[in-house]
$ cat model-v9.pdb   # PDB, C-alpha atoms
ATOM      1  CA  MET A   1     -33.324  -1.635   0.173
ATOM      2  CA  THR A   2     -35.315  -1.357  -3.024
ATOM      3  CA  ALA A   3     -34.309  -2.465  -6.507
ATOM      4  CA  ASP A   4     -33.717   1.212  -7.235
ATOM      5  CA  SER A   5     -31.155   1.692  -4.506
ATOM      6  CA  THR A   6     -29.261  -1.388  -5.705
ATOM      7  CA  GLN A   7     -29.253   0.059  -9.215
ATOM      8  CA  GLU A   8     -27.866   3.278  -7.859
ATOM      9  CA  LEU A   9     -25.138   1.518  -5.930
ATOM     10  CA  THR A  10     -23.775  -0.402  -8.906
ATOM     11  CA  GLY A  11     -23.768   2.663 -11.143
ATOM     12  CA  ASP A  12     -21.953   4.908  -8.699
ATOM     13  CA  ASP A  13     -18.301   5.271  -7.715
ATOM     14  CA  LEU A  14     -19.432   5.078  -4.121
ATOM     15  CA  ALA A  15     -20.532   1.512  -4.722
ATOM     16  CA  PHE A  16     -17.038   0.353  -3.780
ATOM     17  CA  ASN A  17     -15.628   1.111  -0.368
ATOM     18  CA  VAL A  18     -12.373  -0.359   0.929
ATOM     19  CA  PHE A  19     -13.455   0.302   4.507
ATOM     20  CA  ALA A  20     -16.218  -2.302   4.176
ATOM     21  CA  ARG A  21     -14.950  -5.770   4.987
ATOM     22  CA  ALA A  22     -16.684  -7.607   2.146
ATOM     23  CA  CYS A  23     -16.044  -5.085  -0.635
ATOM     24  CA  PRO A  24     -13.958  -6.564  -3.490
ATOM     25  CA  SER A  25     -12.028  -3.265  -3.723
ATOM     26  CA  ARG A  26     -10.297  -4.224  -0.480
ATOM     27  CA  GLY A  27      -8.687  -7.246  -2.152
ATOM     28  CA  THR A  28      -7.524  -5.150  -5.091
ATOM     29  CA  LEU A  29      -6.078  -2.513  -2.773
ATOM     30  CA  GLU A  30      -4.172  -5.315  -1.040
ATOM     31  CA  HIS A  31      -2.770  -6.600  -4.342
ATOM     32  CA  VAL A  32      -1.696  -3.084  -5.234
ATOM     33  CA  THR A  33      -0.230  -2.084  -1.874
ATOM     34  CA  GLY A  34       1.071  -5.478  -0.768
ATOM     35  CA  LYS A  35       4.802  -5.745  -0.088
ATOM     36  CA  TRP A  36       5.614  -7.200  -3.516
ATOM     37  CA  GLY A  37       2.650  -5.800  -5.448
ATOM     38  CA  SER A  38       3.643  -2.198  -4.811
ATOM     39  CA  LEU A  39       7.295  -2.764  -5.746
ATOM     40  CA  THR A  40       6.353  -4.730  -8.877
ATOM     41  CA  LEU A  41       3.988  -2.009 -10.118
ATOM     42  CA  GLY A  42       6.602   0.631  -9.281
ATOM     43  CA  ALA A  43       9.309  -1.224 -11.227
ATOM     44  CA  LEU A  44       7.072  -1.772 -14.272
ATOM     45  CA  TYR A  45       6.314   1.946 -14.407
ATOM     46  CA  ASP A  46       9.798   2.502 -15.881
ATOM     47  CA  ALA A  47       9.639  -0.159 -18.600
ATOM     48  CA  SER A  48       8.319  -3.587 -19.500
ATOM     49  CA  PHE A  49      10.477  -6.422 -18.182
ATOM     50  CA  ARG A  50      10.981 -10.128 -18.498
ATOM     51  CA  PHE A  51      10.462 -12.183 -15.375
ATOM     52  CA  ASN A  52      14.121 -12.424 -14.381
ATOM     53  CA  GLU A  53      14.824  -8.762 -15.091
ATOM     54  CA  LEU A  54      11.898  -7.858 -12.885
ATOM     55  CA  ARG A  55      13.124 -10.194 -10.192
ATOM     56  CA  ARG A  56      16.468  -8.379 -10.075
ATOM     57  CA  ARG A  57      14.710  -5.015  -9.805
ATOM     58  CA  VAL A  58      12.440  -6.051  -6.953
ATOM     59  CA  ASP A  59      15.353  -6.860  -4.690
ATOM     60  CA  GLY A  60      14.617  -9.761  -2.326
ATOM     61  CA  VAL A  61      11.519 -11.268  -3.962
ATOM     62  CA  SER A  62      11.455 -15.038  -4.421
ATOM     63  CA  GLU A  63      10.544 -16.630  -7.753
ATOM     64  CA  LYS A  64       7.343 -18.012  -6.246
ATOM     65  CA  MET A  65       6.235 -14.724  -4.694
ATOM     66  CA  LEU A  66       6.933 -12.722  -7.855
ATOM     67  CA  SER A  67       5.000 -15.247  -9.909
ATOM     68  CA  GLN A  68       1.995 -15.090  -7.536
ATOM     69  CA  THR A  69       2.174 -11.289  -7.436
ATOM     70  CA  LEU A  70       2.205 -10.980 -11.230
ATOM     71  CA  GLN A  71      -0.694 -13.412 -11.522
ATOM     72  CA  ALA A  72      -2.852 -11.384  -9.092
ATOM     73  CA  LEU A  73      -1.979  -8.117 -10.867
ATOM     74  CA  GLU A  74      -2.701  -9.649 -14.278
ATOM     75  CA  ARG A  75      -6.043 -10.995 -13.078
ATOM     76  CA  ASP A  76      -7.014  -7.529 -11.767
ATOM     77  CA  GLY A  77      -6.202  -6.038 -15.198
ATOM     78  CA  LEU A  78      -3.189  -4.045 -13.984
ATOM     79  CA  VAL A  79      -0.419  -5.991 -15.707
ATOM     80  CA  HIS A  80      -0.367  -7.418 -19.232
ATOM     81  CA  ARG A  81       1.587 -10.597 -19.918
ATOM     82  CA  GLU A  82       2.888 -10.728 -23.478
ATOM     83  CA  ALA A  83       4.073 -14.185 -24.523
ATOM     84  CA  GLN A  84       6.013 -14.443 -27.783
ATOM     85  CA  LEU A  85       6.083 -17.787 -29.542
ATOM     86  CA  THR A  86       9.841 -17.789 -30.018
ATOM     87  CA  ASN A  87      12.148 -20.618 -29.072
ATOM     88  CA  PRO A  88      12.875 -20.316 -26.197
ATOM     89  CA  PRO A  89       9.573 -18.514 -25.488
ATOM     90  CA  ARG A  90       9.911 -14.924 -24.340
ATOM     91  CA  VAL A  91       7.445 -13.431 -21.897
ATOM     92  CA  ASP A  92       7.279  -9.713 -21.151
ATOM     93  CA  TYR A  93       5.293  -8.012 -18.427
ATOM     94  CA  GLU A  94       3.997  -4.474 -18.848
ATOM     95  CA  LEU A  95       1.472  -2.193 -17.198
ATOM     96  CA  THR A  96      -1.989  -1.759 -18.700
ATOM     97  CA  PRO A  97      -3.345   1.831 -18.839
ATOM     98  CA  LEU A  98      -5.171   1.117 -15.570
ATOM     99  CA  GLY A  99      -1.977  -0.309 -14.056
ATOM    100  CA  ARG A 100      -0.148   2.863 -15.125
ATOM    101  CA  ALA A 101      -2.699   5.084 -13.395
ATOM    102  CA  VAL A 102      -2.413   3.009 -10.217
ATOM    103  CA  ALA A 103       1.416   2.904 -10.364
ATOM    104  CA  GLU A 104       1.528   6.684 -10.754
ATOM    105  CA  ARG A 105      -0.330   7.237  -7.485
ATOM    106  CA  LEU A 106       1.697   4.528  -5.816
ATOM    107  CA  LEU A 107       4.999   6.109  -6.881
ATOM    108  CA  GLY A 108       3.780   9.448  -5.516
ATOM    109  CA  LEU A 109       3.341   7.715  -2.166
ATOM    110  CA  ILE A 110       6.674   5.850  -2.436
ATOM    111  CA  HIS A 111       8.598   9.038  -3.239
ATOM    112  CA  LEU A 112       6.944  10.876  -0.367
ATOM    113  CA  VAL A 113       7.908   8.096   2.069
ATOM    114  CA  GLU A 114      11.487   7.973   0.755
ATOM    115  CA  SER A 115      11.907  11.745   0.988
ATOM    116  CA  ARG A 116      10.540  11.940   4.544
ATOM    117  CA  MET A 117      12.574   9.039   5.958
ATOM    118  CA  PRO A 118      14.897  11.314   8.007
ATOM    119  CA  GLU A 119      11.768  12.484   9.884
ATOM    120  CA  VAL A 120      10.554   8.890  10.290
ATOM    121  CA  LEU A 121      13.904   7.717  11.664
ATOM    122  CA  ALA A 122      14.016  10.647  14.119
ATOM    123  CA  ALA A 123      10.482   9.779  15.283
ATOM    124  CA  ARG A 124      11.503   6.139  15.838
ATOM    125  CA  GLU A 125      14.508   7.159  17.885
ATOM    126  CA  SER A 126      12.465   9.433  20.119
ATOM    127  CA  TYR A 127       9.702   6.795  20.467
ATOM    128  CA  ASP A 128      12.210   4.108  21.500
ATOM    129  CA  GLU A 129      13.857   6.467  24.008
ATOM    130  CA  THR A 130      10.690   7.583  25.770
ATOM    131  CA  ARG A 131       8.891   4.271  25.688
ATOM    132  CA  GLY A 132      10.657   2.875  28.770
ATOM    133  CA  GLY A 133       9.291   5.733  30.872
ATOM    134  CA  ARG A 134       5.621   5.284  29.974
TER     135      ARG A 134
ATOM    136  CA  MET B   1      33.176   4.824  -1.906
ATOM    137  CA  THR B   2      34.761   7.886  -0.325
ATOM    138  CA  ALA B   3      33.645   9.722   2.786
ATOM    139  CA  ASP B   4      32.304  12.361   0.406
ATOM    140  CA  SER B   5      29.985  10.025  -1.449
ATOM    141  CA  THR B   6      28.563   8.746   1.857
ATOM    142  CA  GLN B   7      27.956  12.322   2.909
ATOM    143  CA  GLU B   8      26.157  12.929  -0.331
ATOM    144  CA  LEU B   9      23.953   9.891   0.099
ATOM    145  CA  THR B  10      22.712  10.809   3.563
ATOM    146  CA  GLY B  11      21.991  14.406   2.576
ATOM    147  CA  ASP B  12      20.016  13.467  -0.517
ATOM    148  CA  ASP B  13      16.464  12.242  -1.048
ATOM    149  CA  LEU B  14      17.915   9.434  -3.134
ATOM    150  CA  ALA B  15      19.553   8.042  -0.002
ATOM    151  CA  PHE B  16      16.369   6.048   0.623
ATOM    152  CA  ASN B  17      15.144   3.562  -1.927
ATOM    153  CA  VAL B  18      12.294   1.119  -1.293
ATOM    154  CA  PHE B  19      13.558  -1.143  -4.076
ATOM    155  CA  ALA B  20      16.665  -1.954  -2.045
ATOM    156  CA  ARG B  21      16.064  -4.859   0.298
ATOM    157  CA  ALA B  22      17.853  -3.383   3.329
ATOM    158  CA  CYS B  23      16.555   0.192   3.080
ATOM    159  CA  PRO B  24      14.531   1.234   6.156
ATOM    160  CA  SER B  25      12.059   3.032   3.858
ATOM    161  CA  ARG B  26      10.786  -0.389   2.785
ATOM    162  CA  GLY B  27       9.572  -1.113   6.318
ATOM    163  CA  THR B  28       7.827   2.254   6.557
ATOM    164  CA  LEU B  29       6.158   1.728   3.186
ATOM    165  CA  GLU B  30       4.895  -1.606   4.498
ATOM    166  CA  HIS B  31       3.457   0.016   7.645
ATOM    167  CA  VAL B  32       1.735   2.608   5.485
ATOM    168  CA  THR B  33       0.421   0.295   2.779
ATOM    169  CA  GLY B  34      -0.207  -2.804   4.898
ATOM    170  CA  LYS B  35      -3.784  -4.096   4.997
ATOM    171  CA  TRP B  36      -4.614  -2.386   8.302
ATOM    172  CA  GLY B  37      -2.085   0.457   8.118
ATOM    173  CA  SER B  38      -3.620   1.911   4.969
ATOM    174  CA  LEU B  39      -7.186   1.708   6.292
ATOM    175  CA  THR B  40      -6.193   3.167   9.673
ATOM    176  CA  LEU B  41      -4.428   6.152   8.065
ATOM    177  CA  GLY B  42      -7.364   6.617   5.701
ATOM    178  CA  ALA B  43      -9.879   6.620   8.563
ATOM    179  CA  LEU B  44      -7.836   9.064  10.658
ATOM    180  CA  TYR B  45      -7.741  11.499   7.748
ATOM    181  CA  ASP B  46     -11.366  12.403   8.503
ATOM    182  CA  ALA B  47     -10.992  12.995  12.237
ATOM    183  CA  SER B  48      -9.218  11.907  15.379
ATOM    184  CA  PHE B  49     -10.739   8.840  16.996
ATOM    185  CA  ARG B  50     -10.652   6.802  20.145
ATOM    186  CA  PHE B  51      -9.532   3.209  19.838
ATOM    187  CA  ASN B  52     -12.996   1.667  19.734
ATOM    188  CA  GLU B  53     -14.362   4.277  17.321
ATOM    189  CA  LEU B  54     -11.453   3.570  15.031
ATOM    190  CA  ARG B  55     -12.038  -0.143  15.330
ATOM    191  CA  ARG B  56     -15.609   0.269  14.113
ATOM    192  CA  ARG B  57     -14.439   2.340  11.145
ATOM    193  CA  VAL B  58     -11.800  -0.146  10.050
ATOM    194  CA  ASP B  59     -14.329  -2.898   9.550
ATOM    195  CA  GLY B  60     -12.924  -6.349  10.339
ATOM    196  CA  VAL B  61      -9.765  -5.427  12.272
ATOM    197  CA  SER B  62      -9.116  -7.283  15.528
ATOM    198  CA  GLU B  63      -8.224  -5.443  18.724
ATOM    199  CA  LYS B  64      -4.733  -6.916  18.636
ATOM    200  CA  MET B  65      -4.069  -6.010  14.995
ATOM    201  CA  LEU B  66      -5.335  -2.430  15.393
ATOM    202  CA  SER B  67      -3.198  -1.999  18.479
ATOM    203  CA  GLN B  68      -0.070  -3.278  16.667
ATOM    204  CA  THR B  69      -0.877  -1.143  13.627
ATOM    205  CA  LEU B  70      -1.266   2.033  15.691
ATOM    206  CA  GLN B  71       1.948   1.314  17.545
ATOM    207  CA  ALA B  72       3.940   0.958  14.287
ATOM    208  CA  LEU B  73       2.391   4.143  12.854
ATOM    209  CA  GLU B  74       3.079   6.045  16.075
ATOM    210  CA  ARG B  75       6.689   4.863  16.139
ATOM    211  CA  ASP B  76       7.171   6.039  12.533
ATOM    212  CA  GLY B  77       5.842   9.483  13.494
ATOM    213  CA  LEU B  78       2.647   9.205  11.423
ATOM    214  CA  VAL B  79       0.103   8.959  14.244
ATOM    215  CA  HIS B  80       0.000  10.890  17.519
ATOM    216  CA  ARG B  81      -1.440   9.227  20.607
ATOM    217  CA  GLU B  82      -3.012  11.727  22.993
ATOM    218  CA  ALA B  83      -3.675  10.313  26.455
ATOM    219  CA  GLN B  84      -5.797  12.399  28.811
ATOM    220  CA  LEU B  85      -5.442  11.790  32.522
ATOM    221  CA  THR B  86      -9.158  11.527  33.157
ATOM    222  CA  ASN B  87     -10.894   8.712  34.961
ATOM    223  CA  PRO B  88     -11.420   6.500  33.036
ATOM    224  CA  PRO B  89      -8.432   7.597  30.904
ATOM    225  CA  ARG B  90      -9.276   8.745  27.408
ATOM    226  CA  VAL B  91      -6.889   8.124  24.526
ATOM    227  CA  ASP B  92      -7.299   9.766  21.119
ATOM    228  CA  TYR B  93      -5.406   8.951  17.965
ATOM    229  CA  GLU B  94      -4.746  11.588  15.327
ATOM    230  CA  LEU B  95      -2.510  12.045  12.308
ATOM    231  CA  THR B  96       0.703  14.078  12.598
ATOM    232  CA  PRO B  97       1.412  16.528   9.736
ATOM    233  CA  LEU B  98       3.602  13.818   8.158
ATOM    234  CA  GLY B  99       0.819  11.260   8.611
ATOM    235  CA  ARG B 100      -1.591  13.665   6.913
ATOM    236  CA  ALA B 101       0.684  14.031   3.904
ATOM    237  CA  VAL B 102       1.002  10.247   3.644
ATOM    238  CA  ALA B 103      -2.739   9.673   4.123
ATOM    239  CA  GLU B 104      -3.516  12.194   1.392
ATOM    240  CA  ARG B 105      -1.504  10.236  -1.190
ATOM    241  CA  LEU B 106      -2.915   6.991   0.108
ATOM    242  CA  LEU B 107      -6.506   8.218  -0.224
ATOM    243  CA  GLY B 108      -5.761   9.302  -3.788
ATOM    244  CA  LEU B 109      -4.762   5.705  -4.487
ATOM    245  CA  ILE B 110      -7.749   4.272  -2.583
ATOM    246  CA  HIS B 111     -10.233   6.459  -4.444
ATOM    247  CA  LEU B 112      -8.672   5.537  -7.774
ATOM    248  CA  VAL B 113      -8.955   1.824  -6.983
ATOM    249  CA  GLU B 114     -12.565   2.194  -5.798
ATOM    250  CA  SER B 115     -13.592   4.152  -8.870
ATOM    251  CA  ARG B 116     -11.973   1.701 -11.300
ATOM    252  CA  MET B 117     -13.375  -1.478  -9.704
ATOM    253  CA  PRO B 118     -15.857  -2.136 -12.554
ATOM    254  CA  GLU B 119     -12.812  -2.415 -14.865
ATOM    255  CA  VAL B 120     -11.001  -4.654 -12.389
ATOM    256  CA  LEU B 121     -13.983  -6.978 -12.023
ATOM    257  CA  ALA B 122     -14.374  -7.212 -15.816
ATOM    258  CA  ALA B 123     -10.668  -8.072 -16.140
ATOM    259  CA  ARG B 124     -11.019 -10.804 -13.515
ATOM    260  CA  GLU B 125     -13.972 -12.320 -15.304
ATOM    261  CA  SER B 126     -12.159 -12.415 -18.614
ATOM    262  CA  TYR B 127      -8.981 -13.781 -16.971
ATOM    263  CA  ASP B 128     -10.908 -16.589 -15.279
ATOM    264  CA  GLU B 129     -12.711 -17.465 -18.534
ATOM    265  CA  THR B 130      -9.628 -17.678 -20.754
ATOM    266  CA  ARG B 131      -7.341 -19.254 -18.226
ATOM    267  CA  GLY B 132      -8.567 -22.786 -18.862
ATOM    268  CA  GLY B 133      -7.505 -22.523 -22.516
ATOM    269  CA  ARG B 134      -3.894 -21.498 -21.876
TER     270      ARG B 134
END

$ encode --input "model-v9.pdb" --output "structure tokens"
Amino acid sequence: MTADSTQELTGDDLAFNVFARACPSRGTLEHVTGKWGSLTLGALYDASFRFNELRRRVDGVSEKMLSQTLQALERDGLVHREAQLTNPPRVDYELTPLGRAVAERLLGLIHLVESRMPEVLAARESYDETRGGR
Amino acid sequence: MTADSTQELTGDDLAFNVFARACPSRGTLEHVTGKWGSLTLGALYDASFRFNELRRRVDGVSEKMLSQTLQALERDGLVHREAQLTNPPRVDYELTPLGRAVAERLLGLIHLVESRMPEVLAARESYDETRGGR
């Protein structure tokens, strides 16, 4: 490895590779695709929300988990937290342009999964039936 | 709710909704987007692999986790397990057509995340700097 090849790596899209264990992109992919991360980004694609509105949308999330999820997404630059100095203070969460691009791809995946669920459920049934005979 | 509206729900794409806690699509989304599920589907998009080849590709996965991941993806009809009755037996894993469609969307998301990592890392730095002053 020369100084040149390091230079090349940092300037190139190929510098980041989720398949490599130590690559920071793996952590970001996990924030984005994690159980609550994906649903939070998907919900915020429709509109900006206050914490409790968001919590109702992401059915089943605890206050603590939603708070941790939003913090990780904000730190990665995907969600913007807008605090207004009113009394009581009002805090809105919205997607950044980067968060919007990520949520768009994510929703493409979510809609594909939702639309193919009949196939998935049929596969599960056939797997569970034949498994005893293996 | 009438019998008619139930009928409508099961015949419609909108029948499945990952935002609803009890919807089975949520579990499938988790298999697909889980830490090891997403990397396994991404790796299998390139070619079919044997277990140990796949394990080398998905850097950092344990034997147990890869085995559980493949089992969940096979049960959901996303991965096909091809066992050949040779001695020693040879088992290949490959994507089904449904798995290919899912992996395609997933790779779109992965490539977006990888290519935008400089932005993510800059956001993290600025978040960590300003956080003390909040």

$ interface_residues --input "model-v9.pdb" --of "chain A" --to "chain B" --cutoff "6 Å" --atoms "all atoms listed in the file" --output "mmCIF file with C-alpha atoms, keeping the file's coordinate frame"
data_model
loop_
_atom_site.group_PDB
_atom_site.id
_atom_site.type_symbol
_atom_site.label_atom_id
_atom_site.label_comp_id
_atom_site.auth_asym_id
_atom_site.auth_seq_id
_atom_site.Cartn_x
_atom_site.Cartn_y
_atom_site.Cartn_z
ATOM 1 C CA ASP A 13 -18.301 5.271 -7.715
ATOM 2 C CA PHE A 16 -17.038 0.353 -3.780
ATOM 3 C CA PHE A 19 -13.455 0.302 4.507
ATOM 4 C CA ALA A 20 -16.218 -2.302 4.176
ATOM 5 C CA ARG A 21 -14.950 -5.770 4.987
ATOM 6 C CA SER A 25 -12.028 -3.265 -3.723
ATOM 7 C CA THR A 33 -0.230 -2.084 -1.874
ATOM 8 C CA VAL A 58 12.440 -6.051 -6.953
ATOM 9 C CA ASP A 59 15.353 -6.860 -4.690
ATOM 10 C CA GLY A 60 14.617 -9.761 -2.326
ATOM 11 C CA ARG A 75 -6.043 -10.995 -13.078
ATOM 12 C CA ASP A 76 -7.014 -7.529 -11.767
ATOM 13 C CA GLY A 77 -6.202 -6.038 -15.198
ATOM 14 C CA ARG A 105 -0.330 7.237 -7.485
ATOM 15 C CA LEU A 109 3.341 7.715 -2.166
ATOM 16 C CA GLU A 114 11.487 7.973 0.755
ATOM 17 C CA SER A 115 11.907 11.745 0.988
ATOM 18 C CA VAL A 120 10.554 8.890 10.290
ATOM 19 C CA ALA A 123 10.482 9.779 15.283
ATOM 20 C CA ARG A 124 11.503 6.139 15.838
ATOM 21 C CA TYR A 127 9.702 6.795 20.467
#

$ closest_residue --input "model-v9.pdb" --among "B:Ser62, B:Asn52, B:Ser67, B:Thr130" --to "Arg90 (chain B)" --atoms "only C-alpha atoms"
B:Asn52

$ closest_residue --input "model-v9.pdb" --among "B:Val79, B:Leu54, B:Leu66, B:Leu44" --to "Gly99 (chain B)" --atoms "only C-alpha atoms"
B:Val79

$ resolve_selection --input "model-v9.pdb" --expression "the PyMOL selection byres ((chain B and resi 93) around 7)" --output "PyMOL selection string"
chain B and resi 48-50+79-82+91-92+94

$ atom_distance --input "model-v9.pdb" --atom1 "CA of Glu63 (chain B)" --atom2 "CA of Phe51 (chain B)"
8.8 Å

$ atom_distance --input "model-v9.pdb" --atom1 "CA of Gly37 (chain B)" --atom2 "CA of Met65 (chain B)"
9.6 Å

$ decode --input "model-v9.pdb" --residues "region 42-51 of chain A" --atoms "all heavy atoms" --output "PDB file, in the first residue's frame"
ATOM      1  N   GLY A  42     -39.141   5.391   6.905  1.00  0.00           N
ATOM      2  CA  GLY A  42     -40.309   5.218   6.042  1.00  0.00           C
ATOM      3  C   GLY A  42     -41.447   6.139   6.459  1.00  0.00           C
ATOM      4  O   GLY A  42     -42.095   6.765   5.610  1.00  0.00           O
ATOM      5  N   ALA A  43     -41.679   6.257   7.761  1.00  0.00           N
ATOM      6  CA  ALA A  43     -42.765   7.118   8.259  1.00  0.00           C
ATOM      7  C   ALA A  43     -42.465   8.589   7.973  1.00  0.00           C
ATOM      8  O   ALA A  43     -43.350   9.354   7.576  1.00  0.00           O
ATOM      9  CB  ALA A  43     -42.966   6.895   9.758  1.00  0.00           C
ATOM     10  N   LEU A  44     -41.214   8.997   8.154  1.00  0.00           N
ATOM     11  CA  LEU A  44     -40.851  10.408   7.958  1.00  0.00           C
ATOM     12  C   LEU A  44     -40.845  10.799   6.481  1.00  0.00           C
ATOM     13  O   LEU A  44     -40.770  11.983   6.151  1.00  0.00           O
ATOM     14  CB  LEU A  44     -39.477  10.698   8.581  1.00  0.00           C
ATOM     15  CG  LEU A  44     -39.450  10.769  10.113  1.00  0.00           C
ATOM     16  CD1 LEU A  44     -38.019  10.876  10.621  1.00  0.00           C
ATOM     17  CD2 LEU A  44     -40.273  11.964  10.617  1.00  0.00           C
ATOM     18  N   TYR A  45     -40.903   9.820   5.597  1.00  0.00           N
ATOM     19  CA  TYR A  45     -40.944  10.136   4.172  1.00  0.00           C
ATOM     20  C   TYR A  45     -42.248  10.865   3.826  1.00  0.00           C
ATOM     21  O   TYR A  45     -42.281  11.697   2.916  1.00  0.00           O
ATOM     22  CB  TYR A  45     -40.833   8.858   3.337  1.00  0.00           C
ATOM     23  CG  TYR A  45     -40.606   9.127   1.865  1.00  0.00           C
ATOM     24  CD1 TYR A  45     -39.361   9.529   1.415  1.00  0.00           C
ATOM     25  CD2 TYR A  45     -41.639   8.996   0.942  1.00  0.00           C
ATOM     26  CE1 TYR A  45     -39.145   9.786   0.068  1.00  0.00           C
ATOM     27  CE2 TYR A  45     -41.424   9.249  -0.403  1.00  0.00           C
ATOM     28  CZ  TYR A  45     -40.178   9.646  -0.836  1.00  0.00           C
ATOM     29  OH  TYR A  45     -39.960   9.896  -2.158  1.00  0.00           O
ATOM     30  N   ASP A  46     -43.317  10.560   4.557  1.00  0.00           N
ATOM     31  CA  ASP A  46     -44.619  11.186   4.285  1.00  0.00           C
ATOM     32  C   ASP A  46     -44.682  12.630   4.772  1.00  0.00           C
ATOM     33  O   ASP A  46     -45.304  13.474   4.144  1.00  0.00           O
ATOM     34  CB  ASP A  46     -45.745  10.399   4.983  1.00  0.00           C
ATOM     35  CG  ASP A  46     -45.904   9.014   4.388  1.00  0.00           C
ATOM     36  OD1 ASP A  46     -45.565   8.843   3.206  1.00  0.00           O
ATOM     37  OD2 ASP A  46     -46.354   8.106   5.115  1.00  0.00           O
ATOM     38  N   ALA A  47     -44.086  12.904   5.932  1.00  0.00           N
ATOM     39  CA  ALA A  47     -44.218  14.228   6.541  1.00  0.00           C
ATOM     40  C   ALA A  47     -43.250  14.328   7.712  1.00  0.00           C
ATOM     41  O   ALA A  47     -42.684  13.326   8.147  1.00  0.00           O
ATOM     42  CB  ALA A  47     -45.644  14.422   7.046  1.00  0.00           C
ATOM     43  N   SER A  48     -43.052  15.543   8.215  1.00  0.00           N
ATOM     44  CA  SER A  48     -42.302  15.683   9.460  1.00  0.00           C
ATOM     45  C   SER A  48     -43.277  15.433  10.614  1.00  0.00           C
ATOM     46  O   SER A  48     -44.479  15.672  10.494  1.00  0.00           O
ATOM     47  CB  SER A  48     -41.678  17.073   9.561  1.00  0.00           C
ATOM     48  OG  SER A  48     -42.666  18.049   9.717  1.00  0.00           O
ATOM     49  N   PHE A  49     -42.756  14.899  11.715  1.00  0.00           N
ATOM     50  CA  PHE A  49     -43.613  14.540  12.838  1.00  0.00           C
ATOM     51  C   PHE A  49     -42.980  14.937  14.154  1.00  0.00           C
ATOM     52  O   PHE A  49     -41.747  14.991  14.265  1.00  0.00           O
ATOM     53  CB  PHE A  49     -43.854  13.026  12.870  1.00  0.00           C
ATOM     54  CG  PHE A  49     -44.754  12.529  11.791  1.00  0.00           C
ATOM     55  CD1 PHE A  49     -44.259  11.718  10.780  1.00  0.00           C
ATOM     56  CD2 PHE A  49     -46.095  12.864  11.781  1.00  0.00           C
ATOM     57  CE1 PHE A  49     -45.086  11.258   9.770  1.00  0.00           C
ATOM     58  CE2 PHE A  49     -46.931  12.402  10.785  1.00  0.00           C
ATOM     59  CZ  PHE A  49     -46.422  11.603   9.776  1.00  0.00           C
ATOM     60  N   ARG A  50     -43.828  15.179  15.145  1.00  0.00           N
ATOM     61  CA  ARG A  50     -43.332  15.280  16.506  1.00  0.00           C
ATOM     62  C   ARG A  50     -43.139  13.880  17.058  1.00  0.00           C
ATOM     63  O   ARG A  50     -43.665  12.899  16.512  1.00  0.00           O
ATOM     64  CB  ARG A  50     -44.337  16.065  17.354  1.00  0.00           C
ATOM     65  CG  ARG A  50     -44.221  17.554  17.017  1.00  0.00           C
ATOM     66  CD  ARG A  50     -44.982  18.380  17.980  1.00  0.00           C
ATOM     67  NE  ARG A  50     -46.364  18.495  17.553  1.00  0.00           N
ATOM     68  CZ  ARG A  50     -47.281  19.178  18.216  1.00  0.00           C
ATOM     69  NH1 ARG A  50     -46.959  19.774  19.355  1.00  0.00           N
ATOM     70  NH2 ARG A  50     -48.513  19.265  17.777  1.00  0.00           N
ATOM     71  N   PHE A  51     -42.386  13.805  18.141  1.00  0.00           N
ATOM     72  CA  PHE A  51     -42.001  12.511  18.699  1.00  0.00           C
ATOM     73  C   PHE A  51     -43.199  11.572  18.893  1.00  0.00           C
ATOM     74  O   PHE A  51     -43.185  10.420  18.468  1.00  0.00           O
ATOM     75  CB  PHE A  51     -41.253  12.725  20.025  1.00  0.00           C
ATOM     76  CG  PHE A  51     -40.646  11.470  20.582  1.00  0.00           C
ATOM     77  CD1 PHE A  51     -39.376  11.060  20.205  1.00  0.00           C
ATOM     78  CD2 PHE A  51     -41.348  10.684  21.481  1.00  0.00           C
ATOM     79  CE1 PHE A  51     -38.814   9.900  20.713  1.00  0.00           C
ATOM     80  CE2 PHE A  51     -40.796   9.515  21.988  1.00  0.00           C
ATOM     81  CZ  PHE A  51     -39.530   9.130  21.605  1.00  0.00           C
TER      82      PHE A  51
END
